[in-house]
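A.B. asks: Below you'll find target24.cif; it's mmCIF, C-alpha atoms.
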data_protein
#
loop_
_atom_site.label_atom_id
_atom_site.label_comp_id
_atom_site.auth_asym_id
_atom_site.auth_seq_id
_atom_site.Cartn_x
_atom_site.Cartn_y
_atom_site.Cartn_z
CA MET A 1 178.26 80.61 161.00
CA ASP A 2 176.57 84.02 161.20
CA ASN A 3 179.66 85.61 162.72
CA THR A 4 181.64 84.72 159.59
CA CYS A 5 179.69 87.14 157.36
CA SER A 6 181.61 90.25 158.41
CA THR A 7 184.93 88.44 158.85
CA VAL A 8 185.41 85.84 156.09
CA MET A 9 185.82 87.36 152.65
CA SER A 10 186.49 84.33 150.47
CA THR A 11 187.60 80.72 150.31
CA ARG A 12 190.24 79.35 147.95
CA ILE A 13 191.19 75.78 147.13
CA ARG A 14 194.42 75.26 145.19
CA LEU A 15 195.84 72.02 143.83
CA ALA A 16 199.46 71.66 142.74
CA ARG A 17 200.02 69.13 139.94
CA ASN A 18 202.84 68.08 137.63
CA LEU A 19 202.83 65.94 134.50
CA GLU A 20 204.57 62.60 134.37
CA GLY A 21 207.42 62.51 131.86
CA TYR A 22 208.11 66.27 131.89
CA PRO A 23 210.75 68.12 133.95
CA PHE A 24 209.45 70.67 136.46
CA PRO A 25 208.86 74.13 134.88
CA SER A 26 212.23 75.47 136.05
CA HIS A 27 213.94 72.61 134.16
CA LEU A 28 211.89 72.46 130.96
CA LYS A 29 214.25 71.93 128.04
CA SER A 30 212.42 74.00 125.44
CA ASP A 31 209.52 76.30 124.67
CA LYS A 32 208.03 73.37 122.74
CA GLN A 33 207.63 71.34 125.94
CA ALA A 34 205.98 74.30 127.65
CA LYS A 35 203.52 74.71 124.77
CA GLU A 36 202.69 71.00 124.91
CA ILE A 37 201.73 71.31 128.57
CA ILE A 38 199.55 74.36 127.82
CA ARG A 39 197.82 72.46 125.00
CA LEU A 40 197.16 69.39 127.16
CA ALA A 41 195.67 71.47 129.98
CA SER A 42 193.45 73.40 127.55
CA SER A 43 192.26 70.16 125.96
CA GLY A 44 191.34 68.67 129.33
CA LEU A 45 189.27 71.65 130.43
CA SER A 46 187.46 72.01 127.10
CA ARG A 47 185.13 69.19 128.19
CA LEU A 48 184.03 71.01 131.36
CA GLU A 49 183.06 74.56 130.37
CA GLU A 50 184.39 77.50 128.39
CA PHE A 51 187.79 78.69 129.59
CA ARG A 52 189.73 81.57 128.15
CA LEU A 53 193.45 81.03 127.61
CA HIS A 54 195.80 83.95 128.38
CA TYR A 55 199.45 83.66 127.39
CA MET A 56 201.56 85.70 129.78
CA ASP A 57 203.70 87.12 126.97
CA GLY A 58 200.55 88.34 125.23
CA ILE A 59 199.01 90.52 127.96
CA SER A 60 199.83 94.07 129.03
CA GLU A 61 201.24 95.09 132.40
CA ASP A 62 197.85 96.52 133.40
CA GLU A 63 196.10 93.26 132.52
CA ALA A 64 198.69 91.27 134.44
CA GLN A 65 198.30 93.49 137.50
CA SER A 66 194.51 93.16 137.34
CA LEU A 67 194.77 89.36 137.27
CA ILE A 68 197.10 89.45 140.29
CA GLU A 69 194.83 91.77 142.27
CA ASN A 70 191.88 89.47 141.58
CA HIS A 71 193.97 86.48 142.74
CA LEU A 72 193.56 84.76 139.36
CA ILE A 73 197.33 84.49 138.91
CA SER A 74 200.35 84.78 141.17
CA PRO A 75 203.20 87.26 140.63
CA ALA A 76 205.47 84.23 140.11
CA LEU A 77 203.59 83.26 136.93
CA LEU A 78 205.07 86.33 135.24
CA ASN A 79 208.67 85.30 135.93
CA ASN A 80 208.89 83.37 132.66
CA ARG A 81 206.32 84.92 130.36
CA ARG A 82 207.41 82.99 127.24
CA ARG A 83 206.43 79.66 128.78
CA SER A 84 203.52 80.45 131.11
CA ALA A 85 199.79 80.88 130.65
CA VAL A 86 196.52 80.79 132.57
CA LEU A 87 193.07 79.36 131.86
CA ILE A 88 190.17 81.32 133.41
CA ASN A 89 186.47 80.47 133.34
CA HIS A 90 183.77 82.98 132.44
CA GLU A 91 182.79 83.71 136.07
CA GLU A 92 186.46 84.14 137.03
CA SER A 93 185.95 81.74 139.91
CA ILE A 94 188.32 79.09 138.52
CA SER A 95 191.79 79.57 137.13
CA VAL A 96 194.53 77.14 136.15
CA MET A 97 198.02 78.61 136.09
CA ILE A 98 200.33 76.74 133.72
CA ASN A 99 204.11 76.51 134.16
CA GLU A 100 204.41 78.50 137.35
CA GLU A 101 206.42 76.66 140.05
CA ASP A 102 204.53 73.50 139.07
CA HIS A 103 203.11 72.57 135.68
CA LEU A 104 199.60 73.26 136.97
CA ARG A 105 198.27 75.34 139.83
CA GLU A 106 194.50 74.78 139.77
CA GLN A 107 192.42 77.03 141.98
CA CYS A 108 188.81 77.85 142.80
CA ILE A 109 187.72 80.97 144.71
CA VAL A 110 184.25 81.39 146.22
CA LYS A 111 182.72 84.07 148.42
CA GLY A 112 182.43 83.49 152.13
CA LEU A 113 183.39 80.33 154.00
CA ASP A 114 182.64 77.27 151.87
CA LEU A 115 185.66 74.97 151.80
CA GLN A 116 183.72 71.85 150.84
CA PHE A 117 182.01 73.41 147.81
CA ALA A 118 185.27 74.94 146.57
CA TYR A 119 187.05 71.60 146.98
CA GLU A 120 184.34 69.64 145.14
CA THR A 121 184.44 72.18 142.30
CA MET A 122 188.21 71.91 142.09
CA SER A 123 188.10 68.12 142.17
CA GLU A 124 185.86 68.13 139.10
CA VAL A 125 188.30 70.38 137.26
CA ASP A 126 191.23 68.21 138.36
CA GLY A 127 189.43 65.11 137.11
CA CYS A 128 188.84 66.63 133.68
CA ILE A 129 192.48 67.59 133.30
CA SER A 130 193.73 64.19 134.45
CA GLY A 131 191.61 62.63 131.70
CA THR A 132 194.01 63.95 129.06
CA MET A 133 197.31 63.70 130.93
CA LYS A 134 198.97 61.60 133.63
CA PHE A 135 200.00 63.36 136.82
CA ALA A 136 203.35 62.66 138.50
CA PHE A 137 202.41 60.51 141.50
CA ASP A 138 204.24 58.31 143.98
CA GLU A 139 202.54 55.69 146.18
CA GLN A 140 204.38 56.91 149.31
CA LEU A 141 204.84 60.62 148.61
CA GLY A 142 201.58 61.32 146.80
CA TYR A 143 201.53 64.02 144.11
CA LEU A 144 205.07 65.09 143.23
CA THR A 145 205.67 68.84 143.34
CA ALA A 146 208.55 71.24 142.76
CA CYS A 147 208.48 72.35 146.40
CA PRO A 148 208.53 69.60 149.09
CA THR A 149 205.98 71.54 151.17
CA ASN A 150 203.31 70.69 148.57
CA LEU A 151 204.00 66.95 148.44
CA GLY A 152 201.17 64.56 149.23
CA THR A 153 197.73 65.91 148.49
CA GLY A 154 199.09 69.04 146.79
CA LEU A 155 196.12 70.77 148.44
CA ARG A 156 196.24 74.28 149.85
CA ALA A 157 193.02 75.41 151.51
CA SER A 158 192.99 79.16 152.18
CA VAL A 159 190.46 81.49 153.76
CA MET A 160 190.74 85.26 153.33
CA MET A 161 189.78 87.06 156.55
CA PHE A 162 189.19 90.69 157.52
CA LEU A 163 190.55 91.08 161.07
CA PRO A 164 190.77 94.76 162.04
CA ALA A 165 189.98 94.37 165.75
CA LEU A 166 192.48 91.56 166.35
CA THR A 167 195.12 93.63 164.56
CA ILE A 168 194.41 96.94 166.31
CA ASN A 169 194.29 95.27 169.73
CA GLY A 170 197.62 93.52 169.10
CA VAL A 171 196.26 89.97 169.29
CA MET A 172 197.37 88.76 165.83
CA PRO A 173 200.97 87.81 166.78
CA ARG A 174 199.58 85.48 169.45
CA ILE A 175 197.11 83.95 166.99
CA MET A 176 199.85 83.38 164.40
CA LYS A 177 201.89 81.38 166.92
CA SER A 178 198.87 79.30 167.97
CA VAL A 179 197.89 78.63 164.36
CA ALA A 180 201.44 77.53 163.49
CA ARG A 181 201.34 74.88 166.22
CA LEU A 182 198.26 73.41 164.51
CA GLY A 183 200.04 73.04 161.16
CA LEU A 184 198.50 76.17 159.63
CA THR A 185 199.98 79.48 158.58
CA VAL A 186 198.89 83.13 158.38
CA ARG A 187 199.96 85.18 155.35
CA GLY A 188 199.21 88.58 153.87
CA ILE A 189 196.63 89.48 151.26
CA TYR A 190 198.71 88.21 148.29
CA GLY A 191 200.15 85.14 149.98
CA GLU A 192 203.67 84.36 151.10
CA GLY A 193 205.85 87.39 151.72
CA SER A 194 203.03 89.92 151.30
CA ALA A 195 201.71 92.36 153.89
CA ALA A 196 198.29 92.16 155.55
CA GLU A 197 197.03 95.28 153.79
CA GLY A 198 193.64 96.51 154.96
CA TYR A 199 193.72 94.11 157.94
CA THR A 200 193.34 91.23 155.47
CA TYR A 201 194.95 87.85 156.15
CA GLN A 202 195.05 84.42 154.53
CA ILE A 203 194.68 81.42 156.83
CA SER A 204 195.82 78.19 155.16
CA ASN A 205 197.21 74.74 155.83
CA GLU A 206 200.96 74.29 155.91
CA VAL A 207 201.00 70.48 155.91
CA THR A 208 199.99 68.55 152.78
CA LEU A 209 201.83 65.24 153.33
CA GLY A 210 200.55 62.52 155.65
CA VAL A 211 197.05 63.97 155.92
CA THR A 212 193.90 63.51 153.87
CA GLU A 213 192.02 66.22 152.01
CA THR A 214 189.13 65.86 154.49
CA GLU A 215 191.46 66.40 157.45
CA ILE A 216 192.93 69.51 155.83
CA LEU A 217 189.53 71.05 155.13
CA ARG A 218 188.22 70.27 158.61
CA GLY A 219 191.34 71.64 160.31
CA VAL A 220 191.27 74.93 158.41
CA GLU A 221 187.53 75.43 158.99
CA GLU A 222 187.78 74.79 162.74
CA VAL A 223 190.56 77.37 163.13
CA VAL A 224 188.76 79.94 160.96
CA LEU A 225 185.57 79.64 163.04
CA LYS A 226 187.55 80.14 166.27
CA ILE A 227 189.26 83.23 164.83
CA CYS A 228 185.84 84.60 163.80
CA LYS A 229 184.67 84.37 167.42
CA LEU A 230 187.84 86.05 168.69
CA GLU A 231 187.43 88.87 166.17
CA GLU A 232 183.82 89.36 167.25
CA THR A 233 184.91 89.65 170.90
CA GLU A 234 187.65 92.15 170.07
CA ARG A 235 185.25 94.26 167.99
CA GLU A 236 182.93 94.52 170.98
CA ARG A 237 185.86 95.73 173.09
CA LEU A 238 186.74 98.35 170.49
CA ALA A 239 183.15 99.55 170.26
CA THR A 240 182.92 100.16 174.01
CA GLY A 241 186.53 101.10 174.77
CA VAL A 242 188.14 104.50 175.24
CA SER A 243 189.38 104.55 171.65
CA ALA A 244 185.92 103.89 170.13
CA LEU A 245 185.44 107.52 169.09
CA ASP A 246 188.87 107.71 167.46
CA ILE A 247 188.21 104.54 165.47
CA GLN A 248 184.80 105.82 164.38
CA ASP A 249 186.40 109.08 163.27
CA GLU A 250 189.09 107.24 161.28
CA CYS A 251 186.51 105.02 159.56
CA LEU A 252 184.26 107.92 158.62
CA ARG A 253 187.19 109.94 157.27
CA SER A 254 188.26 106.97 155.13
CA TYR A 255 184.71 106.51 153.92
CA GLY A 256 184.50 110.21 153.03
CA ILE A 257 187.71 110.02 151.01
CA LEU A 258 186.45 106.90 149.24
#
Could I get this file's structure written as structure tokens?
C.D. replies:
Amino acid sequence: MDNTCSTVMSTRIRLARNLEGYPFPSHLKSDKQAKEIIRLASSGLSRLEEFRLHYMDGISEDEAQSLIENHLISPALLNNRRRSAVLINHEESISVMINEEDHLREQCIVKGLDLQFAYETMSEVDGCISGTMKFAFDEQLGYLTACPTNLGTGLRASVMMFLPALTINGVMPRIMKSVARLGLTVRGIYGEGSAAEGYTYQISNEVTLGVTETEILRGVEEVVLKICKLEETERERLATGVSALDIQDECLRSYGIL
């Protein structure tokens, strides 16, 4: 996996969960219900390690923006500040968003390509939380979620990739179509609807129902490794092509400004 070092930035595992007996966040009847969910999640994680609880109505705009840029919360978590919160561990590698689209959005982010480790870490967190609350689950549909695209495992496996050569050489549109046929999707740096700023893309699974967690992880990793090889090939073309000097000049100018 040596060719992943300069291409794969980070790996993220996210689990979508809802509590049995409570309406989805968009249909919660009162602030009291929202606070109960926050308390239950905090209680479950207290047995694992120290997590800091941030209420969204108690942080500044600068703090909120910092959490978004570090992928610890989503912009959607701020849509209803009175009822939403996030639990973040000391290393800022694990965060649990509370009362976003689902009651819980549990996620783990690690450097490089390590889907299995991130998933095992997230499974431990998920197990601790489920010890203090019962998740909404159906024998046929799996974990019940606010959006049907998360039904089943509720698992979203994402890999953040730096793909300048594939972008500059105009190959990315072709890759996006190929990836879509395999049940995966390509998004921008901050997920759905965001742009691929700085040649940065998220590769993640689109299908969560009718597949196992192992199949999801294996499918994402196989595609990521293939994209790494394609990026490496395109970088070699750039380095020896007629535009090599122009690209070198642009990079050095950017570095000088930085």
A.B. asks: Let me make sure I understand: among A:Glu101, A:Glu120, A:Glu61, A:Asp114, which one has the smallest atom-to-atom distance to Val220 of chain A if we use only C-alpha atoms?
C.D. replies: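 Using only C-alpha atoms, Val220 of chain A sits closest to A:Asp114.
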A.B. asks: Would you kindly translate the PyMOL selection byres ((chain A and resi 157) around 9) into the concrete residues it picks from this file, as a list of chain:residue names?
C.D. replies: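 For this structure, the PyMOL selection byres ((chain A and resi 157) around 9) captures A:Thr11, A:Arg12, A:Ile13, A:Arg14, A:Leu15, A:Leu115, A:Tyr119, A:Leu155, A:Arg156, A:Ser158, A:Val159, A:Ile203, A:Ser204, A:Asn205, A:Ile216, A:Leu217, A:Val220.
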A.B. asks: Find the residues with any atom within 7 Å of (186.4, 80.9, 131.5); use all atoms listed in the file and the coordinates as given in the file, and write the answer as a VMD selection string.
C.D. replies: chain A and resid 50 to 52 87 to 92
A.B. asks: When the PyMOL selection byres ((chain A and resi 147-149) around 9) is applied to the file above, which residues end up in the set, as a list in words?
C.D. replies: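 Evaluating the PyMOL selection byres ((chain A and resi 147-149) around 9) on these coordinates yields Glu101, Asp102, Leu144, Thr145, Ala146, Asn150, Leu151, Gly152, Gly154, Glu206, Val207, Thr208 and Leu209 of chain A.
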A.B. asks: So, with only C-alpha atoms as the atoms that count, which of A:Leu238, A:Ile37, A:Leu28, A:Leu166 lies closest to Leu104 of chain A?
C.D. replies: A:Ile37
A.B. asks: What's the 8 Å shell around Val86 of chain A, counting only C-alpha atoms, without same-chain residues fewer than 5 positions away, as a PyMOL selection string?
C.D. replies: chain A and resi 53-56+73+95-98
A.B. asks: Pick out the closest residue to Lys111 of chain A from this set: A:Ile247, A:Met160, A:Val223, A:Val211. Count only C-alpha atoms.
C.D. replies: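 Of A:Ile247, A:Met160, A:Val223, A:Val211, the one nearest Lys111 of chain A is A:Met160, counting only C-alpha atoms.
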A.B. asks: Between atom CA of Ala85 of chain A and atom CA of Leu113 of chain A, what is the spacing in Å?
C.D. replies: 28.5 Å
A.B. asks: Considering all atoms listed in the file, can you say which of A:Met122, A:Ile68, A:His103, A:Ile227 comes closest to Ser178 of chain A?
C.D. replies: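 Going through A:Met122, A:Ile68, A:His103, A:Ile227 one by one, the smallest distance to Ser178 of chain A is for A:Ile227.
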A.B. asks: Residue by residue, what does the PyMOL selection byres ((chain A and resi 127) around 12) grab here? Present the result as a ChimeraX atom specification.
C.D. replies: /A:15,17,41,44-45,47-48,106,120-126,128-135
A.B. asks: Atom CA of Cys108 of chain A and atom CA of Ala16 of chain A, how far apart in Å?
C.D. replies: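 Taking atom CA of Ala16 of chain A and atom CA of Cys108 of chain A, their separation equals 12.3 Å.
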A.B. asks: To one decimal in Å, tell me the separation between atom CA of Phe117 of chain A and atom CA of Glu215 of chain A.
C.D. replies: 15.2 Å
A.B. asks: Write out as a list of chain:residue names which residues come within 10 Å of Lys35 of chain A when counting only C-alpha atoms, dropping same-chain ones fewer than 2 positions away.
C.D. replies: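 Final neighbour list, sorted by chain and number: A:Ser30, A:Asp31, A:Lys32, A:Gln33, A:Ile37, A:Ile38, A:Arg39, A:Leu40, A:Ala41, A:Arg82, A:Arg83, A:Ser84, A:Ala85, A:Ile98, A:Asn99.
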A.B. asks: Find the residues around Gly188 of chain A up to 12 Å (all atoms listed in the file counted), leave out those fewer than 6 positions away in its own chain, and share them as number ranges by chain.
C.D. replies: A: 158-163, 176, 194-204
A.B. asks: Measuring between all atoms listed in the file, which one of A:His27, A:Met172, A:Val224, A:Gly219 shows the shortest distance to Ser10 of chain A?
C.D. replies: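 Of A:His27, A:Met172, A:Val224, A:Gly219, the one nearest Ser10 of chain A is A:Val224, counting all atoms listed in the file.
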A.B. asks: So, counting only C-alpha atoms, which residue among A:Ile94, A:Leu141, A:Ile168, A:Ala34 is closest to Arg81 of chain A?
C.D. replies: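 Once distances to Arg81 of chain A are computed over only C-alpha atoms, the minimum belongs to A:Ala34.
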